[in-house]
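One structure below.
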Amino acid sequence: MKKSKINPTLLLIIPLLMFTLVIHSCFDEPNETISDKLLVMNDNDAKQLLLEKTTVLHQWFVKQSRKDNATDRYVFANALYQDLYRHPYRHLRYTKELLVDDSVDLEVKKLLIKVSQCLSFEDYLSLGDLIFDGGDSSLMYVFTFPGPEYGLVIVDNYRDSSVIELLNVIVIKYPELASSIELIQSGSSYRKAKAYRNSGEAYPVLKCSD
């Protein structure tokens with residue numbers, strides 16, 4: 001019986017193709033930081049850049065979540081996410097405009113809220129007023145509880161009179177959020193986050209300053 005011969009060229013091409021796929025996967029990640037650029041651009045260009053980059057970042061997160069649906073570690077390891085998270089005042093003006101723009105994808109708006117966790121307490125509440133007036137309960141939910149790994153501004157300050165007042169009006173306007181708001185109002189969410197912190201969990205994962 002005649003033995004089949006493997007083309008030696010194929011032996012070279014196959015590893016090369018596999019290497020190319022790995023490299024493409026690495027470079028597919030949107031890692032370019034933009035906060036410095038936003039400072040020197042005109043308002044319209046800066047807003048468009050923020051929208052473009054956060055849209056691409058969200059799309060990449062969706063692809064990564066299909067590979068790793070157990071954790072969001074790929075989010076916090078991303079340089080662009082870290083950049084926006086740690087420098088919220090460089091994009092705050094444009095974030096506010098995008099949050100009230102009906103043409104902006106809802107998931108991109110949620111991402112913009114998550115990268116605004118390092119605002120001062122007062123400025124974060126001001127952002128909440130804007131979201132409240134927008135009328136979308138899913139955005140309001142992300143604002144109040146983006147997840148302990150993302151931020152705990154509202155949860156950590158649940159006893160503050162401004163937070164108490166805001167949560168009360170949220171329940172009235174968005175009754176579908178009543179059960180999740182109750183967990184915050186009762187201190188249950190705070191105690192749960194505190195227990196995780198005491199056990200060594202870093203909540204939130206990223207610090208607001210390097």
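A note on labels: chains of the structure tokens are A, B, ... as shown, every chain counts residues from 1, and ligands are counted from 1 in their shown order.
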Taking a cut-off of 12 Å and counting only C-alpha atoms, can you build a table that, for each residue of segment 52-111 of chain A near segment 143-146 of chain A, reports the nearest atom pair and how far apart they are in Å (one decimal), sorted by chain then residue number, as JSON lines?
```
{"residue": "A:Leu99", "atom": "CA", "partner": "A:Phe143", "partner_atom": "CA", "distance": 11.7}
{"residue": "A:Lys109", "atom": "CA", "partner": "A:Phe143", "partner_atom": "CA", "distance": 10.4}
{"residue": "A:Lys110", "atom": "CA", "partner": "A:Phe143", "partner_atom": "CA", "distance": 8.1}
{"residue": "A:Leu111", "atom": "CA", "partner": "A:Pro146", "partner_atom": "CA", "distance": 9.5}
```
Legend entry - All residues 8 Å or closer to segment 201-208 of chain A, only C-alpha atoms, same chain fewer than 5 positions away omitted, as a list in words: Phe76, Gln82, Tyr85, Arg86, Cys118, Pro148, Glu149, Tyr150, Gly151, Leu152, Ala193 and Tyr196 of chain A
Just to be explicit: take each residue in the selection above, keep N, CA and C atoms, and write the result as a JSON list (two decimals), in the first residue's frame.
```
[["chain", "number", "residue", "atom", "x", "y", "z"],
["A", 76, "PHE", "N", -11.47, 44.54, 33.98],
["A", 76, "PHE", "CA", -10.59, 45.32, 34.85],
["A", 76, "PHE", "C", -9.13, 45.28, 34.43],
["A", 82, "GLN", "N", -9.49, 50.94, 32.44],
["A", 82, "GLN", "CA", -8.80, 51.51, 33.60],
["A", 82, "GLN", "C", -8.61, 53.01, 33.45],
["A", 85, "TYR", "N", -11.97, 54.76, 33.88],
["A", 85, "TYR", "CA", -12.43, 54.59, 35.26],
["A", 85, "TYR", "C", -11.69, 55.52, 36.21],
["A", 86, "ARG", "N", -10.38, 55.66, 36.01],
["A", 86, "ARG", "CA", -9.56, 56.44, 36.95],
["A", 86, "ARG", "C", -9.54, 57.93, 36.64],
["A", 118, "CYS", "N", -15.57, 56.81, 40.03],
["A", 118, "CYS", "CA", -14.58, 57.56, 40.80],
["A", 118, "CYS", "C", -14.91, 59.05, 40.88],
["A", 148, "PRO", "N", -20.71, 45.04, 42.90],
["A", 148, "PRO", "CA", -19.68, 45.40, 43.89],
["A", 148, "PRO", "C", -18.28, 45.48, 43.31],
["A", 149, "GLU", "N", -18.01, 44.68, 42.26],
["A", 149, "GLU", "CA", -16.69, 44.72, 41.66],
["A", 149, "GLU", "C", -16.46, 46.00, 40.87],
["A", 150, "TYR", "N", -17.55, 46.65, 40.44],
["A", 150, "TYR", "CA", -17.46, 47.89, 39.66],
["A", 150, "TYR", "C", -17.48, 49.13, 40.55],
["A", 151, "GLY", "N", -18.39, 49.18, 41.50],
["A", 151, "GLY", "CA", -18.47, 50.35, 42.36],
["A", 151, "GLY", "C", -19.59, 50.21, 43.38],
["A", 152, "LEU", "N", -19.42, 50.91, 44.51],
["A", 152, "LEU", "CA", -20.38, 50.81, 45.61],
["A", 152, "LEU", "C", -20.73, 52.19, 46.18],
["A", 193, "ALA", "N", -21.44, 43.27, 50.96],
["A", 193, "ALA", "CA", -20.18, 43.75, 50.38],
["A", 193, "ALA", "C", -19.09, 43.81, 51.45],
["A", 196, "TYR", "N", -17.66, 40.38, 52.13],
["A", 196, "TYR", "CA", -16.72, 39.98, 51.08],
["A", 196, "TYR", "C", -15.39, 40.70, 51.23]]
```
Legend entry - Contacts of Lys96 of chain A within 9 Å, only C-alpha atoms, excl. fewer than 4 positions in-chain, as a ChimeraX atom specification: /A:91-92,100-101,127,130-131
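Within 8 Å of segment 161-176 of chain A there are Leu125, Phe132, Ser137, Ile154, Asn157, Tyr158, Arg159, Ala178, Ser179, Ile181 and Gln185 of chain A, counting only C-alpha atoms and ignoring same-chain residues fewer than 2 positions away.
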Once you have the residues from the selection above, write them out as a PDB file, in the first residue's frame, restricted to N, CA, C and O atoms.
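As written to disk, out.pdb reads:
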```
ATOM      1  N   LEU A 125     -24.033  61.654  42.444  1.00  0.00           N
ATOM      2  CA  LEU A 125     -25.465  61.852  42.669  1.00  0.00           C
ATOM      3  C   LEU A 125     -26.060  62.741  41.586  1.00  0.00           C
ATOM      4  O   LEU A 125     -27.192  62.527  41.129  1.00  0.00           O
ATOM      5  N   PHE A 132     -32.051  59.577  36.215  1.00  0.00           N
ATOM      6  CA  PHE A 132     -33.417  59.498  36.728  1.00  0.00           C
ATOM      7  C   PHE A 132     -34.396  60.168  35.771  1.00  0.00           C
ATOM      8  O   PHE A 132     -35.461  59.622  35.450  1.00  0.00           O
ATOM      9  N   SER A 137     -35.265  52.383  33.378  1.00  0.00           N
ATOM     10  CA  SER A 137     -35.052  51.701  34.657  1.00  0.00           C
ATOM     11  C   SER A 137     -33.774  50.883  34.682  1.00  0.00           C
ATOM     12  O   SER A 137     -33.140  50.738  35.742  1.00  0.00           O
ATOM     13  N   ILE A 154     -23.392  54.159  45.976  1.00  0.00           N
ATOM     14  CA  ILE A 154     -24.713  54.258  46.604  1.00  0.00           C
ATOM     15  C   ILE A 154     -24.808  53.305  47.799  1.00  0.00           C
ATOM     16  O   ILE A 154     -25.300  53.675  48.875  1.00  0.00           O
ATOM     17  N   ASN A 157     -22.975  54.467  50.882  1.00  0.00           N
ATOM     18  CA  ASN A 157     -23.531  55.697  51.461  1.00  0.00           C
ATOM     19  C   ASN A 157     -25.045  55.596  51.664  1.00  0.00           C
ATOM     20  O   ASN A 157     -25.754  56.603  51.630  1.00  0.00           O
ATOM     21  N   TYR A 158     -25.512  54.386  51.907  1.00  0.00           N
ATOM     22  CA  TYR A 158     -26.956  54.176  51.980  1.00  0.00           C
ATOM     23  C   TYR A 158     -27.622  54.914  53.137  1.00  0.00           C
ATOM     24  O   TYR A 158     -28.832  55.147  53.122  1.00  0.00           O
ATOM     25  N   ARG A 159     -26.845  55.304  54.146  1.00  0.00           N
ATOM     26  CA  ARG A 159     -27.408  56.036  55.281  1.00  0.00           C
ATOM     27  C   ARG A 159     -27.440  57.552  55.043  1.00  0.00           C
ATOM     28  O   ARG A 159     -28.056  58.279  55.826  1.00  0.00           O
ATOM     29  N   ALA A 178     -38.054  48.046  42.973  1.00  0.00           N
ATOM     30  CA  ALA A 178     -38.331  48.096  44.417  1.00  0.00           C
ATOM     31  C   ALA A 178     -37.551  47.054  45.216  1.00  0.00           C
ATOM     32  O   ALA A 178     -36.999  47.362  46.282  1.00  0.00           O
ATOM     33  N   SER A 179     -37.482  45.831  44.730  1.00  0.00           N
ATOM     34  CA  SER A 179     -36.818  44.775  45.501  1.00  0.00           C
ATOM     35  C   SER A 179     -35.313  45.017  45.617  1.00  0.00           C
ATOM     36  O   SER A 179     -34.728  44.815  46.685  1.00  0.00           O
ATOM     37  N   ILE A 181     -33.820  47.960  45.335  1.00  0.00           N
ATOM     38  CA  ILE A 181     -33.637  49.174  46.132  1.00  0.00           C
ATOM     39  C   ILE A 181     -33.804  48.863  47.615  1.00  0.00           C
ATOM     40  O   ILE A 181     -33.082  49.396  48.461  1.00  0.00           O
ATOM     41  N   GLN A 185     -31.547  49.934  50.780  1.00  0.00           N
ATOM     42  CA  GLN A 185     -32.115  50.730  51.876  1.00  0.00           C
ATOM     43  C   GLN A 185     -31.983  50.027  53.231  1.00  0.00           C
ATOM     44  O   GLN A 185     -31.756  50.679  54.255  1.00  0.00           O
TER      45      GLN A 185
END
```
Legend entry - Selected residue, from A:Asn31, A:Thr55, A:Asn78, A:Gln48, that lies nearest to Leu106 of chain A when counting only C-alpha atoms: A:Thr55
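Interatomic distance, atom CA of Leu80 of chain A to atom CA of Thr33 of chain A: 4.8 Å.
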Inset, instruction - Compare A:Asp123, A:Glu182, A:Glu107, A:Asp36 by their minimum atom-to-atom distance to Val62 of chain A, counting only C-alpha atoms, and give me the closest one. - result: A:Glu107
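Atom to atom, atom CA of Asp102 of chain A and atom CA of Asp136 of chain A stand 10.9 Å apart.
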Inset, instruction - Would you list, as an NGL selection string, the residues of segment 21-144 of chain A that end up in alpha helix (DSSP H) under DSSP run on this structure's backbone? - result: :A and (21-27 or 35-40 or 43-67 or 73-76 or 79-86 or 92-99 or 106-114 or 121-134 or 137-144)
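Going from atom CA of Gly128 of chain A to atom CA of Glu97 of chain A covers 13.4 Å.
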Inset, instruction - Return the single residue from A:Asp43, A:Ser188, A:Lys37, A:Asp160 that is closest to Glu122 of chain A, with distances computed using only C-alpha atoms. - result: A:Asp160
